[in-house]
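**Student:** Supplied in structure tokens, the structure appears directly below.
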Amino acid sequence: MLRLKQKFDLHRDVVTDLRRKEASICRVTEYSEAVDALILNIESDGGIIYSWKGATGTTRIGKYDSKTKLNKLLYTFDKQVFVSSCSLNKEETLLAVSLAQNTSVEEHLKPISKCLTLLIEIHPINNTKVLKAVDCRVKVQFLHQETDRKSVLESHLLLFTEDGYVDLYHVMLIKHEGYRVVMANPERLSRTAERIVEDFCWVQWDGCTQRLYYLTLKDKFLLRCVQFYPTTNCETVLELLLELPANPFSAVRFVNLGFDHYHHEKPEQELVRMCVFTNQIGSMCVCYSQPLKDKHELIYTLVLVNKDCSKKFRVSLGGNERPQTSSHFHPLFIPIGYYVVVYLHGHFLHCINTRQQEMLCYSLFLSGSDASLDLQCRWANVVVLHAEEQPCGCLLDLTSGTTHTAELNPAHLLQILRSDARSRRPGRKTDLQRLAALHCLLVYMGNDPKLQLKVIEWLCDDGNATESFDHIQEFILASLYRIGYDKSLGLDKVLPYSSVFEKKEVPASLSEVPGVFCLPELHIEPVFTGKARGLLGFWSELQWNTERTKYLDAIPNPRYRSSHIQGDWEKLRSERRPSSHMNHIEENTKKVLSVVNTWCLDKKLVPLFQEEDHEQRMLIGLTVDKLREHLNRHLPRLGKKKTDSLVVNYVAKLLELIRHMLESAWLKHKLGPRVLCLTQQGSPAEWSVFHFMFRILESTRGLCLPLPPGYHTLLAVFAVRCLPRSTFLQYIDQGILQLTETFVSRLMTDLDNSDANERLKFSILKRLPEPMEQRIFHMWDHPVSSASISRDYVRALLEKRNKNKEFALSFRDKPGFRPEFLPLTHLAKILSDIEAQALNPFEEQENVDARFVEETSLMQTLVLLGYEGK
């Protein structure tokens with residue numbers, strides 16, 4: 001499920017280089033002694049701080065630059081020391097080190113502190129200042145603020161103690177001889193210390209965002225966040241109450257504050273393991289886990305601050321699957337984009353979708369062999385590195401000193417899709433897993449066109465859709481959702497992303513995960529502080545997203561549902577006269593089609609967007625109108641211009657998705673222009689494409705979504721080629737197929753007038769509305785069409801005669817008039833006189849027989865007078 005890629009290897013990237021340098025110091029060709037390098041810290045710029053024992057028995061500290069792939073010696077102690085914490089300032093002029101004192105037998109009776117914290121000038125003179133000498137662990141971490149100043153003559157150091165307080169040191173620097181950077185007043189450093197936190201039992205540092213999270217206990221456990229600004233000021237910006245068991249930590253817990261190789265923690269004594277993840281567009285997730293006493297179940301909680309909810313999961317580990325050690329009861333929380341992967345080695349992997357968190361079916365749960373990660377190490381020694389700007393999670397194996405990026409594996413997700421949910425073979429995947437995998441591929445990984453093409457191929461091949469969900473509907477809605485969610489997190493609650501919500505009742509196969517129990521959602525109450533300075537950037541987005549979520553949760557139906565416009569669509573179709581509303585709808589359609597045309601100037605493979613389709617144009621414009629209205633009502637903050645652009649692109653992308661699906665099917669089955677010929681029978685490949693188009697039609701009708709103009713024409717062409725004639729006509733009568741003027745005109749002209757084709761044409765004509773029927777008669781070279789044209793012509797002339805009262809007959813004054821048969825003569829003269837003043841409807845018409853028109857007129861007169869039987 002997860003794909004691991006090695007990013008850093010301590011032996012490959014560091015130890016090999018150290019061996020070469022130590023050999024040069026010892027003046028040997030090869031340094032044979034072991035180089036026990038240990039990773040101490042990873043700074044926010046990606047630099048890795050490490051220590052090792054040198055050839056002369058001294059301890060040295062170096063840095064590996066992840067950008068240049070080079071190693072640099074920072075400092076050498078004059079003896080062997082035990083470095084438990086280390087940090088380097090951004091300018092690489094100061095080094096803060098916390099040393100664990102020697103506890104050997106000969107040193108045991110000496111009155112020394114257990115921990116000594118030093119501030120060292122790296123160059124040029126290596127002055128050292130003692131910051132702390134205490135009997136508890138101390139962690140050090142420099143701030144790395146972004147600043148516009150070219151030369152920074154100050155550094156700021158955070159000092160964390162196991163006693164539960166945090167101090168901030170402001171270190172002023174000065175320049176000597178133009179390049180020497182030293183501490184200005186080292187003897188006054190203790191006076192510059194500022195107490196930031198008074199009491200904590202758990203603390204996490206996020207170097208990329210310069211944020212400090214800590215947990216304190218008042219009446220309840222309270223999580224607070226301190227934000228550090230480039231101006232070196234800081235303030236508490238968030239407070240959040242958490243429901244935790246009593247005494248959750250056996251000792252103070254440090255997260256993201258380096259790695260202490262001389263302090264052996266006892267994870268089996270911890271009731272809770274906890275971490276905080278954030279995303280720069282305004283999401284925040286607090287994760288913590290706790291095993292139950294019987295050690296056969298695990299409880300973990302995700303507090304989604306921007307979603308204003310808390311999700312608690314209880315997973316059964318199986319009665320016979322007892323973990324090897326107690327430390328295995330705590331899972332790893334791995335952030336991958338907006339997914340949080342909860343991984344318990346040897347038991348399960350739960351990939352939780354924090355954006356579509358309403359139902360379990362959008363999060364993927366795997367167990368057994370499917371949940372194994374290919375990382376050969378003891379999982380108790382694996383830690384997760386936190387970095388907000390990294391879309392992939394990063395794992396560090398402290399034993400081997402290797403880091404791996406963890407990302408979702410698209411090949412595995414595609415394999416889940418292609419597995420048959422109805423199969424009884426071992427390893428089969430459920431509908432719930434397939435739905436979760438599909439959303440991960442389309443929304444999270446949807447920017448990859450090759451991956452999207454593979455999903456479309458699966459749609460083409462998977463003809464038997466499950467009863468749980470419609471695959472094509474999910475493809476359309478999830479793909480459309482992707483173009484909007486990264487604009488603003490507020491769109492999560494108002495844009496549709498799944499057709500499951502359109503169902504009256506969610507199927508049981510999508511609402512339950514075997515072995516996983518989700519407790520009811522609990523609303524949380526985050527408190528945003530720092531009003532005096534004003535919340536900016538991430539905190540402004542997080543606060544707005546949280547408030548908007550609370551508002552949307554309090555109103556009915558905040559999510560747009562396209563099927564709800566069915567009534568407006570039927571009403572609009574019944575309108576016959578142009579109106580201002582219809583003109584507005586048409587303007588919306590023009591905007592959408594103009595965007596589609598700019599996207600696809602070179603795509604001519606499938607004949608879409610090449611004809612007028614009045615009904616689909618109305619539905620396109622109506623969809624734009626209703627979606628715009630919905631967004632303006634619930635997200636006014638977006639603004640008119642951004643909302644209009646979003647809506648137009650949303651509907652244009654819908655039409656483009658359908659075109660893309662058809663083109664993929666076209667290429668898959670190697671179809672060419674010959675498929676548009678109505679005189680040939682359809683091949684098996686054409687039948688497959690027709691079946692796929694029919695599934696698209698059903699899916700879009702179920703959601704009342706528009707289709708590209710020309711879709712119904714293309715579908716009718718395939719239907720004529722692939723279906724028996726009787727079935728084809730039944731599809732028309734049931735409203736499944738629509739007869740477009742383009743299709744019928746081609747049918748009349750391309751098919752000859754054989755008996756079978758005549759019967760088909762007559763059947764089609766009987767099913768056409770009258771205006772279209774009259775236009776089609778002019779295209780068919782047949783006596784029936786000529787008769788119809790004649791009748792319509794006579795009727796039009798007589799109607800005009802009745803309206804023209806002042807018209808007078810002139811035949812009585814003409815010589816040679818013989819009233820042989822007065823009714824017929826009278827009619828003929830009227831027609832002759834009117835015709836002289838009217839346009840000839842048969843001009844430029846090749847298929848009109850004038851003699852036949854005269855005979856038809858006479859026959860019609862005889863019929864009207866009752867003489868046809870005499």
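Residue numbering restarts at 1 for every chain of the structure tokens, chains are lettered A, B, ... in their displayed order, and ligands are numbered from 1 as they appear.
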Using only C-alpha atoms, which residues sit within 7 Å of segment 280-290 of chain A once same-chain residues fewer than 4 positions away are excluded, as a PyMOL selection string?

**Tutor:** chain A and resi 271-276+298-306+330+388+538+541-542

**Student:** From a DSSP pass on the backbone, collect the residues of segment 502-635 of chain A flagged as strand (DSSP E or B) and hand them back as number ranges by chain.

**Tutor:** A: 513, 516-518, 522, 527-528

**Student:** Write the residues you've just listed into a file as a PDB file, in the first residue's frame, and include N, CA and C atoms for each of them.

**Tutor:**
ATOM      1  N   VAL A 513     -16.725  -1.602   8.336  1.00  0.00           N
ATOM      2  CA  VAL A 513     -15.421  -2.197   8.058  1.00  0.00           C
ATOM      3  C   VAL A 513     -15.198  -3.308   9.065  1.00  0.00           C
ATOM      4  N   VAL A 516     -13.224  -2.874  12.533  1.00  0.00           N
ATOM      5  CA  VAL A 516     -13.015  -1.462  12.846  1.00  0.00           C
ATOM      6  C   VAL A 516     -14.327  -0.877  13.330  1.00  0.00           C
ATOM      7  N   PHE A 517     -14.263  -0.234  14.468  1.00  0.00           N
ATOM      8  CA  PHE A 517     -15.448   0.411  15.029  1.00  0.00           C
ATOM      9  C   PHE A 517     -15.147   1.884  15.221  1.00  0.00           C
ATOM     10  N   CYS A 518     -15.985   2.734  14.637  1.00  0.00           N
ATOM     11  CA  CYS A 518     -15.802   4.185  14.733  1.00  0.00           C
ATOM     12  C   CYS A 518     -16.844   4.748  15.683  1.00  0.00           C
ATOM     13  N   LEU A 522     -17.323  13.643  17.908  1.00  0.00           N
ATOM     14  CA  LEU A 522     -17.416  14.578  19.016  1.00  0.00           C
ATOM     15  C   LEU A 522     -16.991  15.952  18.525  1.00  0.00           C
ATOM     16  N   VAL A 527      -9.929  27.223  20.713  1.00  0.00           N
ATOM     17  CA  VAL A 527      -9.970  28.638  21.068  1.00  0.00           C
ATOM     18  C   VAL A 527      -8.794  29.316  20.388  1.00  0.00           C
ATOM     19  N   PHE A 528      -9.076  30.244  19.488  1.00  0.00           N
ATOM     20  CA  PHE A 528      -8.033  30.998  18.800  1.00  0.00           C
ATOM     21  C   PHE A 528      -7.759  32.268  19.585  1.00  0.00           C
TER      22      PHE A 528
END

**Student:** Residues of segment 382-562 of chain A classed as helix (DSSP H, G or I) by DSSP on the backbone are to be reported as a PyMOL selection string.

**Tutor:** chain A and resi 410-418+431-444+449-461+471-485+489-493+499-502+508-511+537-553+562

**Student:** Which residues are close to segment 390-396 of chain A, i.e. within 10 Å by only C-alpha atoms, leaving aside same-chain residues fewer than 5 positions away? Reply as JSON, numbers by chain.

**Tutor:** {"A": [4, 5, 6, 7, 8, 9, 39, 208, 279, 332, 333, 334, 335, 336, 337, 338, 339, 340, 341, 375, 381, 382, 383, 384, 385, 401, 402, 403, 404, 405, 406, 407, 408]}

**Student:** Would you save the residues of that selection, restricted to N, CA, C and O atoms, as a compact mmCIF listing (two decimals), in the first residue's frame?

**Tutor:**
# COMPACT_ATOMS: atom_id res chain seq x y z
N LEU A 4 8.03 2.88 -0.26
CA LEU A 4 9.13 3.51 0.45
C LEU A 4 10.30 3.76 -0.50
O LEU A 4 10.65 2.89 -1.30
N LYS A 5 10.85 4.93 -0.40
CA LYS A 5 11.99 5.30 -1.23
C LYS A 5 13.07 5.86 -0.34
O LYS A 5 12.84 6.83 0.39
N GLN A 6 14.25 5.24 -0.39
CA GLN A 6 15.33 5.68 0.49
C GLN A 6 15.82 7.07 0.07
O GLN A 6 16.09 7.33 -1.10
N LYS A 7 15.93 7.93 1.06
CA LYS A 7 16.32 9.31 0.81
C LYS A 7 17.73 9.60 1.32
O LYS A 7 18.49 10.34 0.72
N PHE A 8 18.08 9.01 2.46
CA PHE A 8 19.38 9.26 3.08
C PHE A 8 19.85 7.98 3.75
O PHE A 8 19.07 7.26 4.38
N ASP A 9 21.12 7.69 3.58
CA ASP A 9 21.74 6.53 4.21
C ASP A 9 22.99 7.00 4.92
O ASP A 9 23.93 7.50 4.29
N ILE A 39 22.98 9.92 14.21
CA ILE A 39 22.19 11.09 13.84
C ILE A 39 21.69 11.77 15.11
O ILE A 39 21.09 11.14 15.98
N CYS A 208 9.70 23.62 10.33
CA CYS A 208 9.33 24.25 9.05
C CYS A 208 8.38 25.42 9.26
O CYS A 208 8.43 26.40 8.52
N ASN A 279 -1.28 21.43 7.58
CA ASN A 279 -1.10 21.64 6.15
C ASN A 279 -1.20 23.13 5.89
O ASN A 279 -2.03 23.82 6.50
N LEU A 332 2.35 3.90 14.25
CA LEU A 332 2.97 5.08 13.65
C LEU A 332 1.89 5.90 12.96
O LEU A 332 1.04 5.36 12.25
N PHE A 333 1.92 7.21 13.15
CA PHE A 333 1.05 8.12 12.42
C PHE A 333 1.90 8.79 11.34
O PHE A 333 2.83 9.54 11.65
N ILE A 334 1.58 8.49 10.08
CA ILE A 334 2.40 8.97 8.96
C ILE A 334 1.56 9.92 8.11
O ILE A 334 0.56 9.50 7.51
N PRO A 335 1.90 11.21 8.05
CA PRO A 335 1.14 12.14 7.20
C PRO A 335 1.58 12.03 5.75
O PRO A 335 2.76 12.11 5.42
N ILE A 336 0.61 11.83 4.86
CA ILE A 336 0.88 11.80 3.41
C ILE A 336 -0.18 12.68 2.76
O ILE A 336 -1.31 12.25 2.52
N GLY A 337 0.19 13.92 2.48
CA GLY A 337 -0.79 14.88 1.98
C GLY A 337 -1.87 15.09 3.02
O GLY A 337 -1.59 15.35 4.19
N TYR A 338 -3.14 14.98 2.61
CA TYR A 338 -4.22 15.12 3.57
C TYR A 338 -4.69 13.76 4.09
O TYR A 338 -5.70 13.66 4.77
N TYR A 339 -3.94 12.71 3.78
CA TYR A 339 -4.18 11.41 4.38
C TYR A 339 -3.29 11.24 5.62
O TYR A 339 -2.16 11.75 5.65
N VAL A 340 -3.81 10.55 6.61
CA VAL A 340 -3.01 10.14 7.76
C VAL A 340 -3.03 8.62 7.80
O VAL A 340 -4.10 8.00 7.92
N VAL A 341 -1.85 8.03 7.67
CA VAL A 341 -1.73 6.58 7.69
C VAL A 341 -1.44 6.13 9.12
O VAL A 341 -0.45 6.57 9.72
N LEU A 375 10.36 -2.63 5.08
CA LEU A 375 11.43 -1.91 5.77
C LEU A 375 12.01 -2.87 6.80
O LEU A 375 11.38 -3.20 7.80
N ASN A 381 12.20 1.22 16.66
CA ASN A 381 13.26 2.21 16.45
C ASN A 381 12.97 3.13 15.26
O ASN A 381 13.85 3.84 14.81
N VAL A 382 11.74 3.09 14.75
CA VAL A 382 11.37 3.94 13.62
C VAL A 382 10.59 5.14 14.13
O VAL A 382 9.66 5.00 14.93
N VAL A 383 10.98 6.33 13.67
CA VAL A 383 10.27 7.55 14.04
C VAL A 383 9.81 8.24 12.77
O VAL A 383 10.40 8.07 11.70
N VAL A 384 8.75 9.02 12.91
CA VAL A 384 8.20 9.77 11.79
C VAL A 384 8.69 11.21 11.87
O VAL A 384 8.55 11.86 12.91
N LEU A 385 9.27 11.70 10.79
CA LEU A 385 9.74 13.09 10.74
C LEU A 385 8.62 13.98 10.23
O LEU A 385 7.93 13.64 9.28
N GLY A 401 20.27 4.37 10.57
CA GLY A 401 20.53 5.75 10.15
C GLY A 401 20.06 6.03 8.74
O GLY A 401 20.71 6.79 8.00
N THR A 402 18.95 5.46 8.32
CA THR A 402 18.42 5.70 6.99
C THR A 402 17.07 6.38 7.09
O THR A 402 16.30 6.15 8.03
N THR A 403 16.79 7.23 6.14
CA THR A 403 15.48 7.87 6.05
C THR A 403 14.81 7.44 4.76
O THR A 403 15.47 7.24 3.73
N HIS A 404 13.51 7.28 4.83
CA HIS A 404 12.71 6.85 3.67
C HIS A 404 11.49 7.76 3.55
O HIS A 404 10.86 8.10 4.55
N THR A 405 11.20 8.16 2.33
CA THR A 405 9.94 8.84 2.08
C THR A 405 8.87 7.77 1.83
O THR A 405 9.11 6.78 1.14
N ALA A 406 7.72 7.99 2.44
CA ALA A 406 6.61 7.04 2.29
C ALA A 406 5.49 7.73 1.52
O ALA A 406 5.05 8.81 1.88
N GLU A 407 5.07 7.11 0.45
CA GLU A 407 3.98 7.66 -0.36
C GLU A 407 3.03 6.53 -0.74
O GLU A 407 3.38 5.35 -0.71
N LEU A 408 1.82 6.91 -1.05
CA LEU A 408 0.83 5.92 -1.46
C LEU A 408 1.23 5.31 -2.80
O LEU A 408 1.65 6.01 -3.71

**Student:** Which residues are close to Lys550 of chain A, i.e. within 10 Å by only C-alpha atoms, leaving aside same-chain residues fewer than 4 positions away? Reply as a list of chain:residue names.

**Tutor:** A:Asn306, A:Lys307, A:Asp308, A:Cys309, A:His523, A:Trp544, A:Asn545, A:Thr546, A:Ala554, A:Ile555

**Student:** Output C-alpha atoms of each residue in that selection to a file, as a compact mmCIF listing (two decimals), in the first residue's frame.

**Tutor:**
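Result written to result.txt:
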# COMPACT_ATOMS: atom_id res chain seq x y z
CA ASN A 306 -10.56 22.50 10.67
CA LYS A 307 -13.40 19.94 10.43
CA ASP A 308 -14.60 20.70 13.97
CA CYS A 309 -14.79 17.03 14.87
CA HIS A 523 -17.45 18.30 18.36
CA TRP A 544 -11.93 30.64 8.84
CA ASN A 545 -12.16 26.96 7.85
CA THR A 546 -13.21 26.02 11.38
CA ALA A 554 -25.66 23.82 11.29
CA ILE A 555 -27.59 24.21 8.02

**Student:** Show which residues sit within 8 Å of Thr623 of chain A, as a count of residues only. Count only C-alpha atoms, and ignore same-chain residues fewer than 5 positions away.

**Tutor:** 5

**Student:** Counting only C-alpha atoms, which residue out of A:Val443, A:Leu662, A:Ile49, A:Cys234 sits closest to Gln145 of chain A?

**Tutor:**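 Counting only C-alpha atoms, the residue closest to Gln145 of chain A is A:Cys234.
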
**Student:** Find the distance between atom CA of Asp78 of chain A and atom CA of Thr59 of chain A and write it in Å to one decimal.

**Tutor:**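 Calculated distance between atom CA of Asp78 of chain A and atom CA of Thr59 of chain A is 7.3 Å.
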
**Student:** So that each row is one residue of segment 221-279 of chain A with an atom at most 10 Å from segment 160-173 of chain A, can you give its shortest atom pair and the distance in Å to one decimal, using only C-alpha atoms, rows by chain and rising number, as JSON lines?

**Tutor:**
{"residue": "A:Thr232", "atom": "CA", "partner": "A:His170", "partner_atom": "CA", "distance": 8.8}
{"residue": "A:Ala251", "atom": "CA", "partner": "A:Glu162", "partner_atom": "CA", "distance": 8.0}
{"residue": "A:Val252", "atom": "CA", "partner": "A:Glu162", "partner_atom": "CA", "distance": 5.9}
{"residue": "A:Arg253", "atom": "CA", "partner": "A:Glu162", "partner_atom": "CA", "distance": 8.4}
{"residue": "A:Phe254", "atom": "CA", "partner": "A:Phe160", "partner_atom": "CA", "distance": 8.8}
{"residue": "A:Leu257", "atom": "CA", "partner": "A:Phe160", "partner_atom": "CA", "distance": 9.1}

**Student:** Could those selected residues go to a file with C-alpha atoms, as a PDB file, in the first residue's frame?

**Tutor:**
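Saved result, result-v6.pdb, follows:
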ATOM      1  CA  THR A 232      11.479  36.938  17.128  1.00  0.00           C
ATOM      2  CA  ALA A 251       8.091  10.825  31.545  1.00  0.00           C
ATOM      3  CA  VAL A 252       8.149  14.078  29.623  1.00  0.00           C
ATOM      4  CA  ARG A 253       7.864  13.276  25.924  1.00  0.00           C
ATOM      5  CA  PHE A 254       9.850  15.221  23.305  1.00  0.00           C
ATOM      6  CA  LEU A 257      13.593  17.580  19.047  1.00  0.00           C
TER       7      LEU A 257
END

**Student:** Please indicate the distance in Å from atom CA of Glu770 of chain A to atom CA of Leu737 of chain A, rounded to one decimal place.

**Tutor:** 18.2 Å

**Student:** So that I can see what lies close to Val81 of chain A, please list as a list in words the residues with an atom at most 8 Å from it, counting only C-alpha atoms and leaving out residues fewer than 4 positions away in the same chain.

**Tutor:** Thr58, Thr59, Phe77, Leu99, Ala100, Gln101 and Asn102 of chain A

**Student:** I'd like to know which of A:Arg191, A:Arg3, A:His439, A:His264 is closest to Ser479 of chain A, using only C-alpha atoms.

**Tutor:**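 So, comparing all the options, the nearest one is A:His439.
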
**Student:** By how many Å are atom CA of Ser316 of chain A and atom CA of Glu243 of chain A apart?

**Tutor:** 21.4 Å

**Student:** Extract, using only C-alpha atoms, all DNA, RNA and protein residues at most 6 Å from Ser51 of chain A, discarding same-chain residues fewer than 4 positions from it, and format them as a list of chain:residue names.

**Tutor:**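 Here the qualifying residues turn out to be A:Ala37, A:Leu38, A:Arg60, A:Ile61.
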